[in-house]
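Here is the file model.cif (mmCIF, C-alpha atoms).
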```
data_my_file
loop_
_atom_site.label_atom_id
_atom_site.label_comp_id
_atom_site.auth_asym_id
_atom_site.auth_seq_id
_atom_site.Cartn_x
_atom_site.Cartn_y
_atom_site.Cartn_z
CA MET A 387 26.30 -17.42 15.08
CA THR A 388 30.01 -16.84 14.39
CA SER A 389 32.13 -15.49 17.24
CA VAL A 390 34.80 -13.98 15.01
CA PRO A 391 34.11 -10.42 13.86
CA ALA A 392 34.81 -9.54 10.28
CA SER A 393 38.26 -8.04 9.93
CA PRO A 394 38.79 -4.76 8.08
CA GLY A 395 40.58 -6.67 5.35
CA ASP A 396 37.59 -8.79 4.47
CA THR A 397 35.91 -8.17 1.18
CA PRO A 398 32.42 -6.58 1.25
CA ALA A 399 30.98 -9.90 0.13
CA ALA A 400 32.60 -11.69 3.08
CA GLN A 401 31.33 -9.03 5.52
CA GLU A 402 27.88 -9.43 3.99
CA GLU A 403 27.77 -13.09 4.98
CA THR A 404 28.98 -12.76 8.59
CA GLY A 405 26.87 -12.60 11.70
CA GLY A 406 24.82 -15.79 11.58
CA TRP A 407 21.04 -15.52 11.78
CA THR A 408 21.13 -12.26 13.72
CA GLY A 409 23.26 -10.71 11.00
CA TRP A 410 20.89 -12.04 8.37
CA VAL A 411 17.90 -10.52 10.21
CA ARG A 412 19.77 -7.21 10.61
CA ARG A 413 20.73 -7.03 6.93
CA ARG A 414 17.22 -8.01 5.86
CA ALA A 415 15.61 -5.44 8.18
CA LEU A 416 17.91 -2.65 6.99
CA ARG A 417 17.25 -3.58 3.36
CA SER A 418 13.48 -3.69 3.84
CA PHE A 419 13.20 -0.73 6.19
CA PRO A 420 16.04 1.78 5.80
CA PRO A 421 15.93 4.22 8.76
CA GLU A 422 15.01 7.21 6.57
CA GLN A 423 12.08 5.20 5.20
CA LEU A 424 11.05 3.78 8.58
CA LEU A 425 10.92 7.20 10.27
CA PRO A 426 10.50 9.73 7.46
CA ASP A 427 10.45 13.47 8.10
CA LYS A 428 8.73 14.31 4.81
CA GLN A 429 5.65 13.02 3.04
CA PRO A 430 4.44 13.56 -0.53
CA ILE A 431 2.39 16.73 -1.09
CA TYR A 432 -0.84 14.79 -1.62
CA VAL A 433 -0.74 13.62 2.01
CA ALA A 434 -1.71 17.18 3.04
CA SER A 435 -5.40 16.27 3.28
CA TRP A 436 -7.64 15.50 6.26
CA ILE A 437 -8.53 12.10 4.81
CA TYR A 438 -4.95 10.91 5.44
CA VAL A 439 -5.25 11.78 9.14
CA PHE A 440 -7.64 9.00 10.08
CA GLY A 441 -5.06 6.21 10.03
CA VAL A 442 -2.91 7.80 12.71
CA ALA A 443 -6.04 8.96 14.57
CA THR A 444 -7.11 5.31 14.72
CA ILE A 445 -3.72 4.35 16.17
CA ALA A 446 -3.97 7.16 18.74
CA ALA A 447 -7.38 5.88 19.82
CA PHE A 448 -5.97 2.34 19.94
CA ILE A 449 -3.25 3.47 22.36
CA VAL A 450 -5.92 4.97 24.66
CA VAL A 451 -7.91 1.71 24.40
CA LEU A 452 -4.86 -0.33 25.44
CA ALA A 453 -3.91 2.05 28.27
CA THR A 454 -7.41 2.23 29.79
CA GLY A 455 -7.88 -1.52 29.30
CA GLY A 456 -4.62 -2.12 31.15
CA ILE A 457 -5.79 0.05 34.08
CA LEU A 458 -9.12 -1.80 34.19
CA ALA A 459 -7.27 -5.14 34.23
CA LEU A 460 -5.09 -4.01 37.12
CA ARG A 461 -7.90 -2.60 39.28
CA GLY A 462 -10.58 -5.21 38.61
CA PRO A 463 -14.40 -5.27 38.26
CA ALA A 464 -15.19 -4.12 41.83
CA TRP A 465 -13.27 -0.91 41.09
CA TRP A 466 -14.72 -0.16 37.65
CA HIS A 467 -18.26 -0.95 38.80
CA GLY A 468 -18.10 0.60 42.26
CA SER A 469 -16.04 3.80 42.22
CA SER A 470 -16.43 7.08 40.37
CA VAL A 471 -12.86 6.95 39.04
CA GLY A 472 -13.51 3.38 37.93
CA HIS A 473 -16.65 4.48 36.11
CA TYR A 474 -14.66 7.24 34.45
CA VAL A 475 -11.87 4.93 33.23
CA ASN A 476 -14.46 2.37 32.16
CA SER A 477 -16.20 5.08 30.12
CA LEU A 478 -12.87 6.21 28.66
CA HIS A 479 -12.31 2.61 27.54
CA LEU A 480 -15.76 2.46 25.93
CA TRP A 481 -15.59 5.82 24.16
CA SER A 482 -12.01 5.33 22.94
CA VAL A 483 -13.21 2.07 21.37
CA GLU A 484 -16.13 3.93 19.76
CA ILE A 485 -13.71 6.51 18.34
CA PHE A 486 -11.25 3.77 17.32
CA MET A 487 -13.92 1.91 15.35
CA ALA A 488 -15.42 5.06 13.81
CA PHE A 489 -12.03 6.43 12.69
CA MET A 490 -11.00 3.03 11.37
CA VAL A 491 -14.15 2.80 9.25
CA ILE A 492 -13.62 6.34 7.87
CA HIS A 493 -9.98 5.36 7.14
CA LEU A 494 -11.34 2.25 5.38
CA TRP A 495 -13.79 4.30 3.29
CA GLY A 496 -11.03 6.68 2.25
CA LYS A 497 -8.64 3.90 1.28
CA PHE A 498 -11.37 1.96 -0.52
CA PHE A 499 -12.25 4.91 -2.77
CA MET A 500 -8.52 5.52 -3.38
CA ALA A 501 -8.10 1.82 -4.34
CA ALA A 502 -5.26 1.74 -1.83
CA TRP A 503 -4.17 -1.74 -2.90
CA ARG A 504 -2.59 -0.25 -6.05
CA GLY A 505 1.19 -0.34 -6.55
CA LYS A 506 2.01 -3.65 -4.80
CA ARG A 507 0.10 -2.59 -1.68
CA ALA A 508 -2.20 -5.64 -1.56
CA LEU A 509 -0.69 -6.93 1.69
CA THR A 510 -1.10 -3.50 3.27
CA TRP A 511 -4.79 -3.60 2.36
CA ILE A 512 -5.17 -7.19 3.61
CA THR A 513 -3.52 -6.54 6.99
CA GLY A 514 -5.80 -3.52 7.43
CA ALA A 515 -8.91 -5.50 6.55
CA VAL A 516 -7.99 -8.42 8.84
CA SER A 517 -7.16 -6.06 11.71
CA PHE A 518 -10.61 -4.51 11.19
CA LEU A 519 -12.22 -7.96 11.53
CA ALA A 520 -10.08 -8.76 14.58
CA SER A 521 -11.13 -5.43 16.11
CA ILE A 522 -14.79 -6.37 15.66
CA GLY A 523 -14.08 -9.63 17.50
CA THR A 524 -12.28 -7.73 20.27
CA ALA A 525 -15.16 -5.29 20.67
CA PHE A 526 -17.64 -8.17 20.66
CA THR A 527 -15.83 -10.01 23.46
CA GLY A 528 -15.66 -6.71 25.33
CA TYR A 529 -19.45 -6.47 25.24
CA LEU A 530 -19.60 -10.09 26.47
CA THR A 531 -17.46 -9.31 29.53
CA GLN A 532 -19.48 -6.34 30.79
CA GLN A 533 -21.15 -8.62 33.40
CA ASN A 534 -24.57 -7.10 32.90
CA LEU A 535 -27.87 -7.95 31.24
CA ALA A 536 -26.69 -6.66 27.86
CA SER A 537 -23.72 -9.04 27.84
CA GLN A 538 -25.96 -12.00 28.76
CA TRP A 539 -28.39 -11.03 26.01
CA VAL A 540 -25.62 -10.68 23.40
CA SER A 541 -24.03 -14.02 24.35
CA THR A 542 -27.26 -16.01 24.23
CA GLN A 543 -28.15 -14.43 20.89
CA ALA A 544 -24.71 -15.23 19.42
CA LYS A 545 -24.12 -18.76 20.71
CA ASP A 546 -26.22 -20.65 18.16
CA GLY A 547 -24.71 -18.89 15.18
CA LEU A 548 -21.16 -19.47 16.42
CA ASN A 549 -21.86 -23.11 17.32
CA SER A 550 -23.34 -23.71 13.87
CA VAL A 551 -20.00 -22.84 12.25
CA GLY A 552 -18.15 -25.21 14.61
CA ILE A 553 -16.06 -22.83 16.71
CA GLY A 554 -18.05 -23.15 19.93
CA ALA A 555 -15.35 -25.14 21.76
CA TYR A 556 -12.66 -22.48 21.41
CA PHE A 557 -15.00 -19.52 21.24
CA ASN A 558 -17.79 -20.32 23.69
CA VAL A 559 -19.63 -17.05 24.25
CA LEU A 560 -21.30 -18.46 27.39
CA ASP A 561 -17.90 -19.11 28.99
CA PHE A 562 -17.10 -15.82 30.72
CA GLY A 563 -13.51 -16.75 31.58
CA GLN A 564 -12.70 -17.78 28.02
CA MET A 565 -14.28 -14.61 26.59
CA LEU A 566 -12.33 -12.46 29.06
CA MET A 567 -9.05 -14.11 27.99
CA TRP A 568 -9.91 -13.64 24.31
CA HIS A 569 -10.70 -9.99 25.05
CA ILE A 570 -7.67 -9.03 27.12
CA VAL A 571 -4.95 -11.33 25.71
CA LEU A 572 -5.41 -13.07 22.37
CA LEU A 573 -7.41 -10.58 20.33
CA PRO A 574 -5.58 -7.39 21.46
CA LEU A 575 -2.30 -9.18 20.75
CA GLY A 576 -3.56 -10.11 17.29
CA VAL A 577 -4.80 -6.59 16.57
CA GLY A 578 -1.53 -5.11 17.85
CA ILE A 579 0.62 -7.37 15.66
CA LEU A 580 -1.54 -6.66 12.62
CA VAL A 581 -1.42 -2.90 13.23
CA VAL A 582 2.38 -2.95 13.52
CA ALA A 583 2.64 -5.03 10.33
CA HIS A 584 0.22 -2.64 8.60
CA VAL A 585 2.23 0.44 9.57
CA LEU A 586 5.53 -1.22 8.54
CA LEU A 587 4.04 -2.05 5.15
CA VAL A 588 2.86 1.54 4.75
CA ARG A 589 6.40 2.68 5.55
CA ARG A 590 7.87 0.23 3.07
CA HIS A 591 5.57 0.94 0.12
CA GLY A 592 4.68 4.55 0.95
CA VAL A 593 1.27 6.20 1.18
CA VAL A 594 -0.87 5.41 -1.84
CA PRO A 595 -1.06 8.38 -4.23
CA PRO A 596 -4.43 9.68 -5.40
CA PHE A 597 -5.78 8.86 -8.83
CA PRO A 598 -4.33 11.13 -11.52
CA PRO A 599 -6.56 13.29 -13.71
CA LYS A 600 -8.17 11.33 -16.55
CA ASP A 601 -5.96 12.86 -19.25
CA THR A 602 -2.78 11.66 -17.50
CA PRO A 603 -1.30 8.82 -19.59
CA SER A 604 -0.24 6.44 -16.81
CA ARG A 605 -1.93 5.83 -13.50
CA ASP A 606 1.31 4.43 -12.11
CA ALA A 607 3.19 7.68 -12.57
CA THR A 608 1.19 9.42 -9.90
CA VAL A 609 3.76 10.34 -7.30
CA ALA A 610 3.61 14.07 -6.85
CA GLU A 611 6.78 16.01 -7.26
CA GLY A 612 6.49 18.08 -4.11
CA SER A 613 6.74 16.99 -0.52
CA VAL A 614 5.67 18.25 2.90
CA GLN A 615 7.23 17.98 6.31
CA ALA A 616 5.76 15.07 8.27
CA MET B 168 -23.08 18.65 38.78
CA ARG B 169 -25.09 21.22 36.81
CA LEU B 170 -22.78 20.71 33.84
CA ALA B 171 -23.27 16.95 34.05
CA LEU B 172 -27.05 17.38 34.15
CA ALA B 173 -26.95 19.80 31.23
CA LEU B 174 -24.94 17.30 29.20
CA MET B 175 -27.20 14.42 30.15
CA SER B 176 -30.51 16.13 29.47
CA PRO B 177 -30.48 16.26 25.63
CA ILE B 178 -30.48 12.46 25.36
CA ASN B 179 -32.67 10.49 27.74
CA LEU B 180 -31.47 6.89 27.85
CA ASN B 181 -34.04 5.72 30.42
CA HIS B 182 -36.34 4.12 27.91
CA PRO B 183 -36.20 1.31 25.34
CA GLY B 184 -34.25 2.18 22.21
CA ARG B 185 -36.05 3.63 19.18
CA TYR B 186 -35.72 1.78 15.89
CA VAL B 187 -36.42 2.65 12.28
CA HIS B 188 -37.65 0.00 9.84
CA TRP B 189 -37.08 0.08 6.10
CA GLY B 190 -38.02 -3.20 4.47
CA VAL B 191 -35.72 -5.87 5.84
CA ILE B 192 -33.47 -3.23 7.37
CA GLN B 193 -33.93 -2.43 11.04
CA ILE B 194 -31.53 -0.09 12.82
CA SER B 195 -31.58 1.81 16.08
CA VAL B 196 -31.80 5.57 15.84
CA ALA B 197 -28.58 5.85 17.86
CA ASN B 198 -26.64 3.73 15.37
CA LEU B 199 -28.20 5.54 12.42
CA VAL B 200 -27.21 8.92 13.85
CA LEU B 201 -23.67 7.64 14.46
CA ILE B 202 -23.35 6.41 10.87
CA LEU B 203 -24.66 9.74 9.53
CA ILE B 204 -22.10 11.61 11.66
CA MET B 205 -19.35 9.36 10.27
CA VAL B 206 -20.47 10.08 6.70
CA ALA B 207 -20.46 13.82 7.49
CA VAL B 208 -16.94 13.59 8.95
CA PHE B 209 -15.81 11.65 5.88
CA ALA B 210 -17.22 14.31 3.55
CA ALA B 211 -15.67 17.09 5.64
CA ALA B 212 -12.27 15.34 5.55
CA ILE B 213 -12.36 15.36 1.76
CA LEU B 214 -13.78 18.84 1.24
CA LEU B 215 -12.11 20.94 3.96
CA PRO B 216 -8.67 22.36 3.13
CA PHE B 217 -5.76 21.06 5.19
CA PRO B 218 -3.97 23.75 7.24
CA GLY B 219 -0.92 25.13 5.48
CA THR B 220 -1.70 23.65 2.07
CA ARG B 221 -2.18 27.00 0.38
CA ARG B 222 1.07 28.41 1.80
CA ARG B 223 3.07 25.44 0.47
CA LYS B 224 1.70 25.87 -3.04
#
```
Whole structure given in structure tokens:
Amino acid sequence: MTSVPASPGDTPAAQEETGGWTGWVRRRALRSFPPEQLLPDKQPIYVASWIYVFGVATIAAFIVVLATGGILALRGPAWWHGSSVGHYVNSLHLWSVEIFMAFMVIHLWGKFFMAAWRGKRALTWITGAVSFLASIGTAFTGYLTQQNLASQWVSTQAKDGLNSVGIGAYFNVLDFGQMLMWHIVLLPLGVGILVVAHVLLVRRHGVVPPFPPKDTPSRDATVAEGSVQA
Amino acid sequence: MRLALALMSPINLNHPGRYVHWGVIQISVANLVLILIMVAVFAAAILLPFPGTRRRK
């Protein structure tokens, strides 16, 4: 990183090159995500439909999942098994996951029938699909760490299938400690990173427009003229 | 307490789960009901008007 700031007399090209790697990251970030695009206050008119609500509803449920999971981690199993407030927070964690998964699947159905990978949005689609798979893994390890008969049953049913594909050493469903760490550290981190990347890609490429009527000449020219307040 | 009992009574969970069989497909009634609710919500999200849409037009 250079320690000399660009002087006012420098040419724009010289100012462009200053700042070392932090300057490069800043310029790249501003180019890729201009503030008005990163935090827009308007959306195209076609976004005024309930089907576009399920993405943000999934994120809202995800925040509740993380918050209740954090409380459970702080208070421990004796609290969530043995006190009424613990039962309540434990149930909040379960039902927010149920809502998270249900809303995510409805979001997936909507985007699938819109062919949401159109218009250079393939990576947006891929990050969403992979975060869905990672969420299934996170929910699965959550079932494994319930410390009850159901979790024992699930783990013994799953072990042979997972061992047969050769991942038993790093994903041993009979190892409670390992499953707990997957559930509260690695997989939530992975889902969180994927969700952030997914949202950034949506901001960069915009919300996919609906299919035009059949008599419209080009399917690419589908951006509606109007807009609505976000 | 009465409210809790009233909410609990419609679904009795103190018995083994009920399953439906259709060829090779086997699914619990609870999961089937959940999927049907999700399909209904999906249909409603497409068909129901979004608040304020008419005013903007």
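Applied to the file shown here, the PyMOL selection byres ((chain A and resi 528-539) around 8) selects the residues Thr524, Ala525, Phe526, Thr527, Val540, Ser541, Thr542, Gln543, Val559, Phe562, Met565, Leu566 and His569 of chain A.
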>> Taking only C-alpha atoms into account, find every residue of chain A that has an atom no more than 9 Å from chain B, and write it out as a VMD selection string.
In response: chain A and resid 431 434 to 439 488 to 489 491 to 493 495 to 496 614
>> Give me, as a list in words, all polymer residues having an atom no more than 9 Å from Val187 of chain B, counting all atoms listed in the file and skipping those fewer than 5 positions away in the same chain.
In response: Ile192, Gln193, Ile194, Ser195, Val196 and Leu199 of chain B
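Counting from atom CA of Arg412 of chain A, the distance to atom CA of Val442 of chain A is 27.3 Å.
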> Can you list, as a PyMOL selection string, every protein, DNA or RNA residue that comes within 10 Å of Trp511 of chain A when you count only C-alpha atoms, leaving out same-chain residues fewer than 2 positions away?
Replying inline: chain A and resi 494+497-498+501-504+506-509+513-517+584+587-588
> How far is it from atom CA of Ala453 of chain A to atom CA of Val471 of chain A, in Å with one decimal?
Replying inline: 14.8 Å
>> Would you compute the distance between atom CA of Met490 of chain A and atom CA of Phe448 of chain A? Give it in Å to one decimal.
In response: 10.0 Å
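Environment of (-14.9, 4.4, 25.8): residues at most 10 Å away, judged by only C-alpha atoms, are A:Ala447, A:Val450, A:Val451, A:Thr454, A:Gly455, A:Tyr474, A:Val475, A:Asn476, A:Ser477, A:Leu478, A:His479, A:Leu480, A:Trp481, A:Ser482, A:Val483, A:Glu484, A:Ile485, A:Phe486.
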